[in-house]
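Contents: one structure, followed by commentary.
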Amino acid sequence: MSKSLVIITSFSIFAALLGLFGCDVGRNSGSICKNNPELCADLHRDSWCLVEKGDLIRSRYQLKITTEPTGKQLYDQLIKLESYSKCIELAAGVIHIQNTDRTLDRERAYAVSTQNLIQLREYTKDNPDNYLVYYRWTTFNDIPSRDTLIKAEKNGEITEPFILAQLASHYIKTDMNRAKMLYLHLLSHVKPKTIDPDWLLALATIYRWEQNVDNEYLLTKANTLMSDNIASQEKLLALIANDSNRAQQLDLEAIELVRLLKTAQFDTSEIKSKFE
């Protein structure tokens, strides 16, 4: 199957073969559809799933204006198409008694999106790009894809935070030292808004296995400060033998750790040495 044909069919089984290489510029999904109707012809028409629909349209548009789609762009299209398909599947289950055409329109959109997803997965199944290898691993639990990513990470070829985080989670089961290294790398180098507080819990788990209760307490406390999670203070105190003075010091360190993470200063801080 040729590249152009696959990209078209992933847009819509009704899309025309003409007009896919334009120079229209737009971020608003409405204007994109107006100027590029072939990108939207297969989508439902009412107000359900507006976020998912808009994201999919913009992703399609980026593919349209790109001569050679990158693995990242194809990965993005897969994720956006999955999200749209799941949303419209639920919407298709809402039956309109009077406006039956709306129900039929959503059912059609869901059927087409499912077929498009199958086609795009088939098109990308042998693509060696790390984004698509990651997709095959996390979507289908494809072990060869996982092993390919592990090799790439060890060769320093992976930089995407969410891929490194997934690998770090895997390493907790197989190589805790490497998991620790990756989580500390992420906390040290990603932008503050990208930090996932659950990375702190993952590190706390590692230190639990190492029987480093101070770090387990500190990281768990920091997680509660950066998220909506709630930890039992009674259980936290039990980790450190109910030492209230020790708890007070660790609480202050947790506050400082959160400050450093939110201001991108963790990598050069003294507190980082506690975890190395």
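In the structure tokens, chains take the letters A, B, ... in the order shown, each chain's residues start at 1, and ligands count up from 1 in the order shown.
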**Message:** Set the distance at 12 Å and use only C-alpha atoms: which residues neighbour stretch 228-231 of chain A once local chain neighbours fewer than 2 positions away are removed? I'd like the list as a PyMOL selection string.
**Reply:** chain A and resi 197-198+200-201+217-226+233-237
Include N, CA, C and O atoms and write out the residues we just selected as a PDB file, in the first residue's frame.
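again_20.pdb, freshly written:
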ATOM      1  N   PRO A 197       3.635  13.684  39.136  1.00  0.00           N
ATOM      2  CA  PRO A 197       3.866  13.398  40.554  1.00  0.00           C
ATOM      3  C   PRO A 197       3.995  11.905  40.853  1.00  0.00           C
ATOM      4  O   PRO A 197       4.622  11.518  41.846  1.00  0.00           O
ATOM      5  N   ASP A 198       3.423  11.064  40.004  1.00  0.00           N
ATOM      6  CA  ASP A 198       3.524   9.625  40.225  1.00  0.00           C
ATOM      7  C   ASP A 198       4.953   9.115  40.090  1.00  0.00           C
ATOM      8  O   ASP A 198       5.275   8.026  40.570  1.00  0.00           O
ATOM      9  N   LEU A 200       7.336  10.387  41.629  1.00  0.00           N
ATOM     10  CA  LEU A 200       7.811  10.418  43.008  1.00  0.00           C
ATOM     11  C   LEU A 200       7.381   9.155  43.757  1.00  0.00           C
ATOM     12  O   LEU A 200       8.148   8.596  44.539  1.00  0.00           O
ATOM     13  N   LEU A 201       6.150   8.711  43.502  1.00  0.00           N
ATOM     14  CA  LEU A 201       5.683   7.476  44.132  1.00  0.00           C
ATOM     15  C   LEU A 201       6.460   6.275  43.639  1.00  0.00           C
ATOM     16  O   LEU A 201       6.737   5.348  44.403  1.00  0.00           O
ATOM     17  N   TYR A 217       9.483   8.100  52.839  1.00  0.00           N
ATOM     18  CA  TYR A 217       8.624   9.099  53.490  1.00  0.00           C
ATOM     19  C   TYR A 217       8.669  10.411  52.715  1.00  0.00           C
ATOM     20  O   TYR A 217       7.622  10.992  52.388  1.00  0.00           O
ATOM     21  N   LEU A 218       9.881  10.893  52.435  1.00  0.00           N
ATOM     22  CA  LEU A 218      10.066  12.185  51.786  1.00  0.00           C
ATOM     23  C   LEU A 218       9.375  12.249  50.423  1.00  0.00           C
ATOM     24  O   LEU A 218       8.655  13.200  50.104  1.00  0.00           O
ATOM     25  N   LEU A 219       9.566  11.228  49.621  1.00  0.00           N
ATOM     26  CA  LEU A 219       8.991  11.217  48.279  1.00  0.00           C
ATOM     27  C   LEU A 219       7.481  11.047  48.300  1.00  0.00           C
ATOM     28  O   LEU A 219       6.758  11.640  47.482  1.00  0.00           O
ATOM     29  N   THR A 220       6.990  10.233  49.224  1.00  0.00           N
ATOM     30  CA  THR A 220       5.542  10.072  49.352  1.00  0.00           C
ATOM     31  C   THR A 220       4.896  11.387  49.779  1.00  0.00           C
ATOM     32  O   THR A 220       3.847  11.785  49.251  1.00  0.00           O
ATOM     33  N   LYS A 221       5.531  12.066  50.720  1.00  0.00           N
ATOM     34  CA  LYS A 221       5.017  13.356  51.183  1.00  0.00           C
ATOM     35  C   LYS A 221       5.027  14.385  50.051  1.00  0.00           C
ATOM     36  O   LYS A 221       4.055  15.131  49.865  1.00  0.00           O
ATOM     37  N   ALA A 222       6.109  14.415  49.293  1.00  0.00           N
ATOM     38  CA  ALA A 222       6.204  15.349  48.172  1.00  0.00           C
ATOM     39  C   ALA A 222       5.120  15.069  47.135  1.00  0.00           C
ATOM     40  O   ALA A 222       4.555  15.991  46.547  1.00  0.00           O
ATOM     41  N   ASN A 223       4.829  13.800  46.926  1.00  0.00           N
ATOM     42  CA  ASN A 223       3.768  13.452  45.981  1.00  0.00           C
ATOM     43  C   ASN A 223       2.429  14.033  46.413  1.00  0.00           C
ATOM     44  O   ASN A 223       1.667  14.551  45.583  1.00  0.00           O
ATOM     45  N   THR A 224       2.127  13.962  47.699  1.00  0.00           N
ATOM     46  CA  THR A 224       0.849  14.503  48.174  1.00  0.00           C
ATOM     47  C   THR A 224       0.793  16.020  48.005  1.00  0.00           C
ATOM     48  O   THR A 224      -0.287  16.583  47.815  1.00  0.00           O
ATOM     49  N   LEU A 225       1.948  16.660  48.071  1.00  0.00           N
ATOM     50  CA  LEU A 225       1.994  18.112  47.905  1.00  0.00           C
ATOM     51  C   LEU A 225       1.835  18.533  46.450  1.00  0.00           C
ATOM     52  O   LEU A 225       1.442  19.667  46.165  1.00  0.00           O
ATOM     53  N   MET A 226       2.129  17.615  45.526  1.00  0.00           N
ATOM     54  CA  MET A 226       2.067  17.937  44.096  1.00  0.00           C
ATOM     55  C   MET A 226       0.852  17.338  43.408  1.00  0.00           C
ATOM     56  O   MET A 226       0.679  17.499  42.195  1.00  0.00           O
ATOM     57  N   GLN A 233      -0.977   9.947  57.466  1.00  0.00           N
ATOM     58  CA  GLN A 233       0.138  10.434  58.265  1.00  0.00           C
ATOM     59  C   GLN A 233       0.558   9.396  59.301  1.00  0.00           C
ATOM     60  O   GLN A 233       1.744   9.280  59.634  1.00  0.00           O
ATOM     61  N   GLU A 234      -0.408   8.647  59.788  1.00  0.00           N
ATOM     62  CA  GLU A 234      -0.105   7.597  60.760  1.00  0.00           C
ATOM     63  C   GLU A 234       0.829   6.545  60.153  1.00  0.00           C
ATOM     64  O   GLU A 234       1.804   6.114  60.788  1.00  0.00           O
ATOM     65  N   LYS A 235       0.543   6.156  58.900  1.00  0.00           N
ATOM     66  CA  LYS A 235       1.388   5.159  58.242  1.00  0.00           C
ATOM     67  C   LYS A 235       2.750   5.731  57.874  1.00  0.00           C
ATOM     68  O   LYS A 235       3.761   5.032  57.943  1.00  0.00           O
ATOM     69  N   LEU A 236       2.769   7.006  57.495  1.00  0.00           N
ATOM     70  CA  LEU A 236       4.049   7.638  57.195  1.00  0.00           C
ATOM     71  C   LEU A 236       4.930   7.689  58.450  1.00  0.00           C
ATOM     72  O   LEU A 236       6.125   7.389  58.396  1.00  0.00           O
ATOM     73  N   LEU A 237       4.321   8.064  59.561  1.00  0.00           N
ATOM     74  CA  LEU A 237       5.094   8.117  60.808  1.00  0.00           C
ATOM     75  C   LEU A 237       5.596   6.733  61.210  1.00  0.00           C
ATOM     76  O   LEU A 237       6.704   6.595  61.760  1.00  0.00           O
TER      77      LEU A 237
END
